Amino acid sequence: MNKNLKIVLFGFLIWLIPFAASFFIYPLKTPMYSLFESIMSVLIAVAAMIFSYFYFRDIKTNFVVEGIIVGIAWFIIAIVIDLVMFLPASPMHMNFNDYMMTIGVKYLIIPVVTIGTGYVAAVMGRRYYE
């Protein structure tokens with residue numbers, strides 16, 4: 001699969017998995033808000049880890065740089081999709097500051113996971129090839 005297509009597809013899936021799961025756990029949002037937010041964070045981390053594995057499986061060099069690039073790309077993809085859904089004209093309207101403080105900041109998990117994965121791959125790759 002083309003690397004750019006993989007970045008876009010995986011970025012979309014990293015956004016989609018927690019979004020879809022949120023419909024099932026939404027009843028927790030009001031009575032157990034902290035639990036709801038914690039589950040969402042864990043789902044983002046799990047999705048980022050799964051797709052980082054599939055992305056880095058085909059990467060042979062520049063692991064940390066790849067982690068930075070793909071992490072930023074996936075972060076931007078998730079934010080852009082959400083902003084379309086949370087713009088003033090949408091039924092889920094939320095102002096930008098509230099969005100970033102409650103939802104957007106969670107997406108920083110994505111570059112943390114990808115950069116960490118890139119670093120681990122770089123260290124393990126050096127040990128493997130030495």
# chains A, B, ... in the order shown; residues from 1 in each chain; ligands from 1

$ select_by_dssp --residues "chain A" --states "helix (DSSP H, G or I)" --output "MDAnalysis selection string"
chainID A and resid 3:28 33:56 63:86 96:102 104:129

$ residues_around --residues "Ile39 (chain A)" --least-positions-apart "6" --cutoff "9 Å" --atoms "only C-alpha atoms" --output "list in words"
Pro18, Ser22 and Ile25 of chain A

$ residues_around --residues "Thr114 (chain A)" --least-positions-apart "4" --cutoff "8 Å" --atoms "only C-alpha atoms" --output "list in words"
Ala48, Met49, Ser52, Gly67, Ile68, Val70, Gly71, Ile110 and Gly118 of chain A

$ closest_residue --among "A:Val112, A:Met124, A:Ala73, A:Ile81" --to "Asn4 (chain A)" --atoms "only C-alpha atoms"
A:Ala73

$ closest_residue --among "A:Met94, A:Ala121, A:Leu108, A:Ala45" --to "Ile76 (chain A)" --atoms "only C-alpha atoms"
A:Leu108

$ residues_around --residues "Ile103 (chain A)" --least-positions-apart "3" --cutoff "10 Å" --atoms "only C-alpha atoms" --output "ChimeraX atom specification"
/A:37,40-41,79,82,97-100,106-108

$ residues_around --residues "Val80 (chain A)" --least-positions-apart "5" --cutoff "12 Å" --atoms "only C-alpha atoms" --output "PDB file with N, CA, C and O atoms, in the first residue's frame"
ATOM      1  N   GLY A  11      -4.841   7.251   9.836  1.00  0.00           N
ATOM      2  CA  GLY A  11      -5.258   8.427  10.603  1.00  0.00           C
ATOM      3  C   GLY A  11      -6.763   8.481  10.761  1.00  0.00           C
ATOM      4  O   GLY A  11      -7.284   8.776  11.846  1.00  0.00           O
ATOM      5  N   PHE A  12      -7.476   8.190   9.675  1.00  0.00           N
ATOM      6  CA  PHE A  12      -8.937   8.160   9.732  1.00  0.00           C
ATOM      7  C   PHE A  12      -9.412   7.066  10.689  1.00  0.00           C
ATOM      8  O   PHE A  12     -10.320   7.283  11.498  1.00  0.00           O
ATOM      9  N   TRP A  15      -9.077   7.945  14.293  1.00  0.00           N
ATOM     10  CA  TRP A  15     -10.173   8.828  14.697  1.00  0.00           C
ATOM     11  C   TRP A  15     -11.475   8.037  14.832  1.00  0.00           C
ATOM     12  O   TRP A  15     -12.236   8.217  15.782  1.00  0.00           O
ATOM     13  N   ALA A  73       0.757  14.066  11.429  1.00  0.00           N
ATOM     14  CA  ALA A  73      -0.269  13.868  10.392  1.00  0.00           C
ATOM     15  C   ALA A  73      -1.543  13.285  10.999  1.00  0.00           C
ATOM     16  O   ALA A  73      -2.651  13.771  10.727  1.00  0.00           O
ATOM     17  N   TRP A  74      -1.411  12.243  11.817  1.00  0.00           N
ATOM     18  CA  TRP A  74      -2.589  11.626  12.416  1.00  0.00           C
ATOM     19  C   TRP A  74      -3.278  12.574  13.391  1.00  0.00           C
ATOM     20  O   TRP A  74      -4.511  12.578  13.487  1.00  0.00           O
ATOM     21  N   PHE A  75      -2.513  13.366  14.123  1.00  0.00           N
ATOM     22  CA  PHE A  75      -3.077  14.371  15.021  1.00  0.00           C
ATOM     23  C   PHE A  75      -3.912  15.373  14.224  1.00  0.00           C
ATOM     24  O   PHE A  75      -5.057  15.663  14.572  1.00  0.00           O
ATOM     25  N   MET A  85     -17.080  18.246  12.512  1.00  0.00           N
ATOM     26  CA  MET A  85     -18.237  17.763  13.266  1.00  0.00           C
ATOM     27  C   MET A  85     -18.678  18.719  14.367  1.00  0.00           C
ATOM     28  O   MET A  85     -19.830  18.698  14.779  1.00  0.00           O
ATOM     29  N   PHE A  86     -17.753  19.548  14.861  1.00  0.00           N
ATOM     30  CA  PHE A  86     -18.073  20.419  15.988  1.00  0.00           C
ATOM     31  C   PHE A  86     -18.172  21.894  15.618  1.00  0.00           C
ATOM     32  O   PHE A  86     -18.282  22.737  16.500  1.00  0.00           O
ATOM     33  N   LEU A  87     -18.112  22.226  14.327  1.00  0.00           N
ATOM     34  CA  LEU A  87     -18.266  23.617  13.910  1.00  0.00           C
ATOM     35  C   LEU A  87     -19.641  24.131  14.303  1.00  0.00           C
ATOM     36  O   LEU A  87     -20.575  23.346  14.495  1.00  0.00           O
ATOM     37  N   PHE A  96     -14.301  26.478  19.892  1.00  0.00           N
ATOM     38  CA  PHE A  96     -12.965  25.921  19.665  1.00  0.00           C
ATOM     39  C   PHE A  96     -12.190  25.725  20.969  1.00  0.00           C
ATOM     40  O   PHE A  96     -11.551  24.688  21.151  1.00  0.00           O
ATOM     41  N   TYR A  99     -13.582  22.775  22.814  1.00  0.00           N
ATOM     42  CA  TYR A  99     -13.214  21.566  22.072  1.00  0.00           C
ATOM     43  C   TYR A  99     -11.773  21.167  22.372  1.00  0.00           C
ATOM     44  O   TYR A  99     -11.487  20.015  22.695  1.00  0.00           O
ATOM     45  N   MET A 100     -10.836  22.124  22.258  1.00  0.00           N
ATOM     46  CA  MET A 100      -9.422  21.801  22.461  1.00  0.00           C
ATOM     47  C   MET A 100      -9.154  21.354  23.895  1.00  0.00           C
ATOM     48  O   MET A 100      -8.351  20.448  24.113  1.00  0.00           O
ATOM     49  N   GLY A 104      -9.676  17.868  21.942  1.00  0.00           N
ATOM     50  CA  GLY A 104      -8.483  18.028  21.110  1.00  0.00           C
ATOM     51  C   GLY A 104      -7.184  17.668  21.795  1.00  0.00           C
ATOM     52  O   GLY A 104      -6.303  17.048  21.197  1.00  0.00           O
ATOM     53  N   TYR A 107      -5.876  14.089  21.670  1.00  0.00           N
ATOM     54  CA  TYR A 107      -5.219  13.609  20.453  1.00  0.00           C
ATOM     55  C   TYR A 107      -3.705  13.773  20.495  1.00  0.00           C
ATOM     56  O   TYR A 107      -2.999  13.223  19.652  1.00  0.00           O
TER      57      TYR A 107
END

$ residues_around --residues "Phe51 (chain A)" --least-positions-apart "3" --cutoff "9 Å" --atoms "only C-alpha atoms" --output "list in words"
Phe10, Gly11, Leu13, Ile14, Val46, Ala47, Ala48, Phe54, Tyr55 and Phe56 of chain A

$ write_last_selection --atoms "N, CA, C and O atoms" --output "PDB file, in the first residue's frame"
ATOM      1  N   PHE A  10      -4.924   5.163   7.980  1.00  0.00           N
ATOM      2  CA  PHE A  10      -4.710   4.847   9.387  1.00  0.00           C
ATOM      3  C   PHE A  10      -5.118   6.024  10.281  1.00  0.00           C
ATOM      4  O   PHE A  10      -5.670   5.821  11.358  1.00  0.00           O
ATOM      5  N   GLY A  11      -4.841   7.251   9.836  1.00  0.00           N
ATOM      6  CA  GLY A  11      -5.258   8.427  10.603  1.00  0.00           C
ATOM      7  C   GLY A  11      -6.763   8.481  10.761  1.00  0.00           C
ATOM      8  O   GLY A  11      -7.284   8.776  11.846  1.00  0.00           O
ATOM      9  N   LEU A  13      -8.809   5.894  10.626  1.00  0.00           N
ATOM     10  CA  LEU A  13      -9.230   4.786  11.496  1.00  0.00           C
ATOM     11  C   LEU A  13      -8.922   5.070  12.963  1.00  0.00           C
ATOM     12  O   LEU A  13      -9.699   4.694  13.851  1.00  0.00           O
ATOM     13  N   ILE A  14      -7.808   5.761  13.230  1.00  0.00           N
ATOM     14  CA  ILE A  14      -7.487   6.143  14.611  1.00  0.00           C
ATOM     15  C   ILE A  14      -8.555   7.092  15.147  1.00  0.00           C
ATOM     16  O   ILE A  14      -8.912   7.039  16.321  1.00  0.00           O
ATOM     17  N   VAL A  46      -4.823   3.009  22.319  1.00  0.00           N
ATOM     18  CA  VAL A  46      -4.836   1.656  21.732  1.00  0.00           C
ATOM     19  C   VAL A  46      -4.873   1.731  20.213  1.00  0.00           C
ATOM     20  O   VAL A  46      -4.108   1.036  19.526  1.00  0.00           O
ATOM     21  N   ALA A  47      -5.733   2.582  19.663  1.00  0.00           N
ATOM     22  CA  ALA A  47      -5.817   2.723  18.202  1.00  0.00           C
ATOM     23  C   ALA A  47      -4.492   3.231  17.642  1.00  0.00           C
ATOM     24  O   ALA A  47      -3.996   2.715  16.623  1.00  0.00           O
ATOM     25  N   ALA A  48      -3.889   4.218  18.301  1.00  0.00           N
ATOM     26  CA  ALA A  48      -2.600   4.752  17.842  1.00  0.00           C
ATOM     27  C   ALA A  48      -1.522   3.672  17.896  1.00  0.00           C
ATOM     28  O   ALA A  48      -0.686   3.574  16.984  1.00  0.00           O
ATOM     29  N   PHE A  54       1.342  -1.316  12.498  1.00  0.00           N
ATOM     30  CA  PHE A  54       1.171  -1.603  11.074  1.00  0.00           C
ATOM     31  C   PHE A  54       1.929  -0.615  10.191  1.00  0.00           C
ATOM     32  O   PHE A  54       2.411  -0.981   9.125  1.00  0.00           O
ATOM     33  N   TYR A  55       2.050   0.623  10.646  1.00  0.00           N
ATOM     34  CA  TYR A  55       2.801   1.615   9.871  1.00  0.00           C
ATOM     35  C   TYR A  55       4.298   1.323   9.916  1.00  0.00           C
ATOM     36  O   TYR A  55       4.962   1.277   8.889  1.00  0.00           O
ATOM     37  N   PHE A  56       4.846   1.111  11.104  1.00  0.00           N
ATOM     38  CA  PHE A  56       6.287   0.928  11.256  1.00  0.00           C
ATOM     39  C   PHE A  56       6.768  -0.432  10.763  1.00  0.00           C
ATOM     40  O   PHE A  56       7.968  -0.612  10.554  1.00  0.00           O
TER      41      PHE A  56
END

$ atom_distance --atom1 "CA of Phe19 (chain A)" --atom2 "CA of Leu35 (chain A)"
15.7 Å

$ atom_distance --atom1 "CA of Ile7 (chain A)" --atom2 "CA of Ile69 (chain A)"
9.5 Å

$ closest_residue --among "A:Val65, A:Met92, A:Lys6, A:Thr102" --to "Phe36 (chain A)" --atoms "only C-alpha atoms"
A:Thr102

$ decode --residues "region 6-18 of chain A" --atoms "N, CA, C and O atoms" --output "PDB file, in the first residue's frame"
ATOM      1  N   LYS A   6      -1.583   5.053   3.284  1.00  0.00           N
ATOM      2  CA  LYS A   6      -1.567   4.389   4.584  1.00  0.00           C
ATOM      3  C   LYS A   6      -1.670   5.424   5.715  1.00  0.00           C
ATOM      4  O   LYS A   6      -2.416   5.221   6.671  1.00  0.00           O
ATOM      5  N   ILE A   7      -0.953   6.523   5.578  1.00  0.00           N
ATOM      6  CA  ILE A   7      -1.009   7.568   6.607  1.00  0.00           C
ATOM      7  C   ILE A   7      -2.433   8.108   6.733  1.00  0.00           C
ATOM      8  O   ILE A   7      -2.973   8.219   7.839  1.00  0.00           O
ATOM      9  N   VAL A   8      -3.059   8.425   5.616  1.00  0.00           N
ATOM     10  CA  VAL A   8      -4.420   8.979   5.637  1.00  0.00           C
ATOM     11  C   VAL A   8      -5.425   7.943   6.139  1.00  0.00           C
ATOM     12  O   VAL A   8      -6.254   8.242   7.008  1.00  0.00           O
ATOM     13  N   LEU A   9      -5.358   6.739   5.629  1.00  0.00           N
ATOM     14  CA  LEU A   9      -6.296   5.691   6.036  1.00  0.00           C
ATOM     15  C   LEU A   9      -6.155   5.368   7.516  1.00  0.00           C
ATOM     16  O   LEU A   9      -7.144   5.308   8.256  1.00  0.00           O
ATOM     17  N   PHE A  10      -4.924   5.163   7.980  1.00  0.00           N
ATOM     18  CA  PHE A  10      -4.710   4.847   9.387  1.00  0.00           C
ATOM     19  C   PHE A  10      -5.118   6.024  10.281  1.00  0.00           C
ATOM     20  O   PHE A  10      -5.670   5.821  11.358  1.00  0.00           O
ATOM     21  N   GLY A  11      -4.841   7.251   9.836  1.00  0.00           N
ATOM     22  CA  GLY A  11      -5.258   8.427  10.603  1.00  0.00           C
ATOM     23  C   GLY A  11      -6.763   8.481  10.761  1.00  0.00           C
ATOM     24  O   GLY A  11      -7.284   8.776  11.846  1.00  0.00           O
ATOM     25  N   PHE A  12      -7.476   8.190   9.675  1.00  0.00           N
ATOM     26  CA  PHE A  12      -8.937   8.160   9.732  1.00  0.00           C
ATOM     27  C   PHE A  12      -9.412   7.066  10.689  1.00  0.00           C
ATOM     28  O   PHE A  12     -10.320   7.283  11.498  1.00  0.00           O
ATOM     29  N   LEU A  13      -8.809   5.894  10.626  1.00  0.00           N
ATOM     30  CA  LEU A  13      -9.230   4.786  11.496  1.00  0.00           C
ATOM     31  C   LEU A  13      -8.922   5.070  12.963  1.00  0.00           C
ATOM     32  O   LEU A  13      -9.699   4.694  13.851  1.00  0.00           O
ATOM     33  N   ILE A  14      -7.808   5.761  13.230  1.00  0.00           N
ATOM     34  CA  ILE A  14      -7.487   6.143  14.611  1.00  0.00           C
ATOM     35  C   ILE A  14      -8.555   7.092  15.147  1.00  0.00           C
ATOM     36  O   ILE A  14      -8.912   7.039  16.321  1.00  0.00           O
ATOM     37  N   TRP A  15      -9.077   7.945  14.293  1.00  0.00           N
ATOM     38  CA  TRP A  15     -10.173   8.828  14.697  1.00  0.00           C
ATOM     39  C   TRP A  15     -11.475   8.037  14.832  1.00  0.00           C
ATOM     40  O   TRP A  15     -12.236   8.217  15.782  1.00  0.00           O
ATOM     41  N   LEU A  16     -11.756   7.154  13.873  1.00  0.00           N
ATOM     42  CA  LEU A  16     -13.036   6.457  13.795  1.00  0.00           C
ATOM     43  C   LEU A  16     -13.275   5.493  14.957  1.00  0.00           C
ATOM     44  O   LEU A  16     -14.395   5.429  15.486  1.00  0.00           O
ATOM     45  N   ILE A  17     -12.275   4.762  15.361  1.00  0.00           N
ATOM     46  CA  ILE A  17     -12.455   3.746  16.406  1.00  0.00           C
ATOM     47  C   ILE A  17     -12.961   4.371  17.713  1.00  0.00           C
ATOM     48  O   ILE A  17     -13.997   3.937  18.239  1.00  0.00           O
ATOM     49  N   PRO A  18     -12.288   5.390  18.264  1.00  0.00           N
ATOM     50  CA  PRO A  18     -12.839   6.000  19.484  1.00  0.00           C
ATOM     51  C   PRO A  18     -14.185   6.691  19.256  1.00  0.00           C
ATOM     52  O   PRO A  18     -15.062   6.651  20.122  1.00  0.00           O
TER      53      PRO A  18
END
